[in-house]
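Undergrad: Input: one structure, supplied below.
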Amino acid sequence: MSVTLDRPPREIARGSTPSPPPWWRGRKAQGWLYATPTALIVGVLFVVPLILVVWMSLHRWPLLGGATFNAPDNYTKITDNPLFLDSVFFTLKYTVIVTVLLSATALGLALLVQERRPGVGFFRTAFFLPGAVGFAAAALLFYGMLNNDFGPIDPILQTLGITDEPVKWIGSPDAALFSTIALVLWRFAGFNMLILLTGLQAIPVEVYEAARSDGANRWQIFTRITLPLLRPTIALMLILSVTGSLLAFDQFFIFTNGGPDNSTVSMVMVVYREAFFRFDLGGAAAISVVLLLALVALNVLQMRVLRRSQ
Amino acid sequence: MTPRSPRRRLAGVALLALAAVTACGGGGQQDAKAADQGVTITMWTRAATQAQSERLVAAYNNSHKNQVKLTVIPTDNYQPRIASAAGARQLPDVFAADVIFVPNYTSQGLFLDVTDRVNKLPFKDSLAPSHMKLGTREGRLHTLPHTLDLSVWFWNKDLYAKAGLDPEKGPTTLKEFAEQATAVDEKLGKDGKVHGTFFGGNCGGCYVFTFWPSVWAAGGQVMNAEGTASLNDQAPMTDVFKVYRDLYAKGVTGPTAKEEQGPTWTGFFPKGEIGVMPMPSTTLGTMPADMKIGVAPIAGPDGGESTFVGGDSIGISATSEHADAAWEFLAWTVSDEAQVEVMAKNKDVLARTDLSGNKYSSADPRVVLINSLVAKGQTPYAPRFGETFNDPQGPWLRLAREAVFGDAAKLPQLNADINKSLQQ
């Protein structure tokens, strides 16, 4: 059996302990070294693109050819874009509705399948299954199902006597919004249920047993034990839901195409339009930066509320 | 949206300069033949004109050392793909584009200047004039016509006969069109499966393709020549809107016309569900073989005839490293051989007006009629066409929908939005 030494034999022979260079001595330096690979990945994949987007937003940036500095034009003209201003209002409205409905639905589903009993595995899987469908595919699926010409939903509703004629699922602004919300609920309720389920199962059984032995009823257990202890998990779900809703794109782009009459245009759709229909890459970058700052501010606010509550 | 470093930009400029020098040095079919040296070039086309592009590429690859590797991209996603590829300097060697986007692409410098090469083609004066016009910027030529797609009225002869109409006599005015559509709907539409007509009521591109020819046929215009001022709030456009508005209000159109976003608007006619409607000429070859179809030029309210000369133009991308080989392919696509033995043989519209009376076309009078419309029709020119008229979030779709389904009194205000978009 051989032993491999990483120190020179002469030093060992002299019995001296080699001293590391001064920059290596501190624990901080070691920490930095350990963090370097991750820092590099974060830098290359996240920080550099962010800096480039900010840089782009300060220039007139054609598809081919050199960029010209034009700050702050790309930012000042954002307020002249009525489509973007409308999209801000619409996206906020959509975010509020989706977040409330999604949270309630996900919590309801999680409570339904919280306890281990026969068959619960099937329901957990069934609820989560839509989460495995790609969002674009889900949007196309709903487009097909709700299509007035070839979709199966209208004939089913008419056969059951629920409706007399085909429902214009995306034919009016309100119908288009709520059809899209139905799509989002179908797609994400199971995923959010899973998040809440992990939170629910992290609550010690002893706490529930103690509450029951103290005579607490189901409602008291839910409001005084389950909800308070679930708060960090709910907060995480809210952050994901709010951020995802503010960045909504696929569902509107594929399902409603922003219509009818621009009634379902989200903020990211405006970014897409500026970049790929109007070829105004600098303007699109400026809107992206504004959206990014708003999201960072909102997430910081949410995190502070969460920490305070903890 | 990948930003470029100064060094890469310099390299790009050098490449452009090299390509331009190469372009100036070459030209003509003889030089093009000399460029058939076994080079593989890449090409993109959109799904809407995929069949014609595939036929051309297959025939070319079978007869040349050079090879073309074709990529078909979904139509709705085509413009964004071009934009992102250009930003990353990853455009293919040649790419076809919906002809109405070409002025914008040339203004962005995406296509190589091929003026000298085109001028050496012996048949350059017979290349589809409207396509050539849109590929010209400041007197320099950048594209060739690739596939042509014209808007024409199709009528279902069986449905006409059942409705008591003369199956051999299609509409010659927009008013007759409305009368015949109404007759089919009243006689055959009771079960809700057959409708008089159909159009894409939530699709900006569908409106321009099918409504504007009626304006041109009536002697009117939809924009000024520079493509910077819209005339869509004035007659004869408002007369045309009124005809379709009445048809929708009376329920003569399919019930989903108002919601139709574009992808399925041509799907109802081949099923035998529509009496008469404007259709792309390229769909003639894809219709059921046993379906009896009449074809007529689109007319104005009181007569005339015109068409929207759509389809794709094709050019060499400014970043191509194989400009000679790319031109060799492009020049071949408009040659007699390709136009007659590939395009005409498959009932496609020809890119050259001098070949319209060829041996294949003359076998089908409908194809002869369609080919004859190339010189009569128009392709609207506007550098900001896509974002104004095609984009679902553009101002045109709002105007058209108000005019057909909503409050027509809003037209002047909405037309001002179109002007603003065109002038940006």
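Chain labels A, B, ... are given in the sequence in which chains occur in the structure tokens; within each chain residues are numbered consecutively from 1, and ligands are likewise numbered from 1 in the order shown.
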Just need the residues of chain A within 8 Å of chain B, counting only C-alpha atoms, so spit them out as a list in words.
TA: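 The complete set of qualifying residues is Leu52, Met56, Pro62, Leu63, Leu64, Gly65, Gly66, Asn148, Asp149, Ile170, Gly171, Asn257, Gly258, Gly259, Pro260, Asp261, Asn262, Ala275, Phe276, Phe277, Arg278, Phe279 and Leu281 of chain A.
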Undergrad: For Asp154 (chain A), list every protein, DNA or RNA residue within 12 Å, evaluated using only C-alpha atoms, and leave out those in the same chain fewer than 6 positions away; present the list as a PyMOL selection string.
TA: chain A and resi 144-148+160-169
Undergrad: Write the residues of the preceding selection, restricted to C-alpha atoms, as a PDB file, in the first residue's frame.
TA:
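Generated file (part.pdb):
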```
ATOM      1  CA  GLY A 144     -58.520  23.108 -30.059  1.00  0.00           C
ATOM      2  CA  MET A 145     -60.974  22.136 -27.341  1.00  0.00           C
ATOM      3  CA  LEU A 146     -62.710  25.498 -27.230  1.00  0.00           C
ATOM      4  CA  ASN A 147     -62.688  26.117 -30.977  1.00  0.00           C
ATOM      5  CA  ASN A 148     -66.199  26.817 -32.201  1.00  0.00           C
ATOM      6  CA  LEU A 160     -76.305  18.400 -22.132  1.00  0.00           C
ATOM      7  CA  GLY A 161     -78.641  21.340 -22.679  1.00  0.00           C
ATOM      8  CA  ILE A 162     -76.359  23.781 -20.852  1.00  0.00           C
ATOM      9  CA  THR A 163     -76.002  26.111 -23.871  1.00  0.00           C
ATOM     10  CA  ASP A 164     -78.174  26.691 -26.927  1.00  0.00           C
ATOM     11  CA  GLU A 165     -75.453  27.784 -29.329  1.00  0.00           C
ATOM     12  CA  PRO A 166     -71.619  27.737 -29.476  1.00  0.00           C
ATOM     13  CA  VAL A 167     -70.010  29.890 -26.784  1.00  0.00           C
ATOM     14  CA  LYS A 168     -67.563  32.470 -28.154  1.00  0.00           C
ATOM     15  CA  TRP A 169     -64.776  31.381 -25.839  1.00  0.00           C
TER      16      TRP A 169
END
```
Undergrad: I'd like to know which of A:Pro130, A:Gly244, A:Gly283, A:Pro228 is closest to Val270 (chain A), using only C-alpha atoms.
TA: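 Of A:Pro130, A:Gly244, A:Gly283, A:Pro228, the one nearest Val270 (chain A), counting only C-alpha atoms, is A:Gly283.
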Undergrad: Quick check, in Å to one decimal: how far apart do CA of Arg366 (chain B) and CA of Val295 (chain B) lie?
TA: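 A separation of 6.0 Å between them.
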Undergrad: Could you give me, as an MDAnalysis selection string, the residues within 7 Å of Thr40 (chain B), counting only C-alpha atoms and dropping anything in the same chain fewer than 3 positions from it?
TA: chainID B and resid 66:69
Undergrad: Apply DSSP to the backbone of this structure and, from region 177-371 of chain B, keep only the residues in strand (DSSP E); write these as number ranges by chain.
TA: B: 276-280, 293-296, 298-300, 303-306, 309-316
Undergrad: I'd like the interatomic distance between CA of Trp265 (chain B) and CA of Leu144 (chain B), to a tenth of an Å.
TA: 28.3 Å
Undergrad: From the list A:Gly108, A:Gln302, A:Phe46, A:Leu240, which residue is nearest Phe222 (chain A) when using only C-alpha atoms?
TA: A:Gly108
Undergrad: Check the smallest atom-to-atom distance from each of A:Phe142, A:Phe150, A:Phe135, A:Phe90 to Ala182 (chain A) using only C-alpha atoms, then report the winner.
TA: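 Of A:Phe142, A:Phe150, A:Phe135, A:Phe90, the one nearest Ala182 (chain A), counting only C-alpha atoms, is A:Phe142.
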Undergrad: Find the residues near Thr379 (chain B): any atom within 8 Å, counting only C-alpha atoms, skip ones fewer than 6 places away on the same chain, and give them as a PyMOL selection string.
TA: chain B and resi 100+130-131+134+308-310
Undergrad: Taking only C-alpha atoms into account, which of B:Val39, B:Ala225, B:Ala48, B:Val404 comes nearest Thr283 (chain B)?
TA: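 Smallest separation from Thr283 (chain B) among the options: B:Ala48.
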Undergrad: Mind checking DSSP for region 219-369 of chain B and telling me the helix (DSSP H, G or I) residues as a PyMOL selection string?
TA: chain B and resi 237-249+269-271+281-286+323-333+336-346+353-355+361-363+365-369
Undergrad: Just the selected residues (C-alpha atoms), exported as a CSV table (one decimal), in the first residue's frame, please.
TA:
```csv
chain,number,residue,atom,x,y,z
B,237,MET,CA,-62.7,51.1,-49.1
B,238,THR,CA,-65.7,52.1,-47.0
B,239,ASP,CA,-68.0,50.8,-49.7
B,240,VAL,CA,-66.3,47.5,-49.6
B,241,PHE,CA,-66.4,47.3,-45.8
B,242,LYS,CA,-70.2,48.0,-46.0
B,243,VAL,CA,-70.8,45.0,-48.3
B,244,TYR,CA,-69.0,42.6,-45.9
B,245,ARG,CA,-70.6,44.3,-42.9
B,246,ASP,CA,-74.1,43.6,-44.3
B,247,LEU,CA,-73.2,40.0,-45.2
B,248,TYR,CA,-72.0,39.4,-41.6
B,249,ALA,CA,-75.0,41.1,-40.1
B,269,PHE,CA,-64.1,26.0,-48.7
B,270,PRO,CA,-62.4,22.7,-49.5
B,271,LYS,CA,-64.9,20.9,-47.3
B,281,SER,CA,-54.7,31.1,-55.8
B,282,THR,CA,-52.1,28.6,-54.5
B,283,THR,CA,-54.9,26.6,-52.9
B,284,LEU,CA,-56.4,25.7,-56.3
B,285,GLY,CA,-53.9,22.8,-56.7
B,286,THR,CA,-54.7,21.5,-53.2
B,323,ALA,CA,-23.2,34.6,-52.7
B,324,ASP,CA,-22.2,33.2,-56.1
B,325,ALA,CA,-23.7,29.8,-55.4
B,326,ALA,CA,-26.8,31.4,-53.9
B,327,TRP,CA,-27.3,33.5,-57.1
B,328,GLU,CA,-26.8,30.5,-59.2
B,329,PHE,CA,-29.8,28.9,-57.5
B,330,LEU,CA,-31.9,32.1,-57.6
B,331,ALA,CA,-31.3,32.7,-61.3
B,332,TRP,CA,-32.3,29.1,-62.0
B,333,THR,CA,-35.6,29.4,-60.1
B,336,ASP,CA,-37.7,28.9,-68.4
B,337,GLU,CA,-37.0,25.4,-67.2
B,338,ALA,CA,-37.9,26.0,-63.5
B,339,GLN,CA,-40.9,28.3,-64.3
B,340,VAL,CA,-42.5,25.9,-66.9
B,341,GLU,CA,-41.4,22.4,-65.8
B,342,VAL,CA,-41.7,23.0,-62.1
B,343,MET,CA,-44.1,25.8,-61.4
B,344,ALA,CA,-46.5,25.7,-64.4
B,345,LYS,CA,-46.6,21.9,-64.4
B,346,ASN,CA,-48.1,22.1,-60.9
B,353,THR,CA,-45.3,37.4,-67.3
B,354,ASP,CA,-43.7,36.3,-70.6
B,355,LEU,CA,-44.3,32.6,-69.8
B,361,SER,CA,-51.2,26.6,-68.1
B,362,SER,CA,-53.2,26.6,-71.3
B,363,ALA,CA,-54.8,23.3,-70.3
B,365,PRO,CA,-58.4,28.2,-68.2
B,366,ARG,CA,-58.5,29.0,-64.5
B,367,VAL,CA,-54.7,29.0,-64.3
B,368,VAL,CA,-54.5,31.1,-67.5
B,369,LEU,CA,-56.8,33.6,-65.8
```
Undergrad: Just to confirm, what's the straight-line distance from CA of Asp93 (chain B) to CA of Glu321 (chain B) in Å (one decimal)?
TA: 7.2 Å
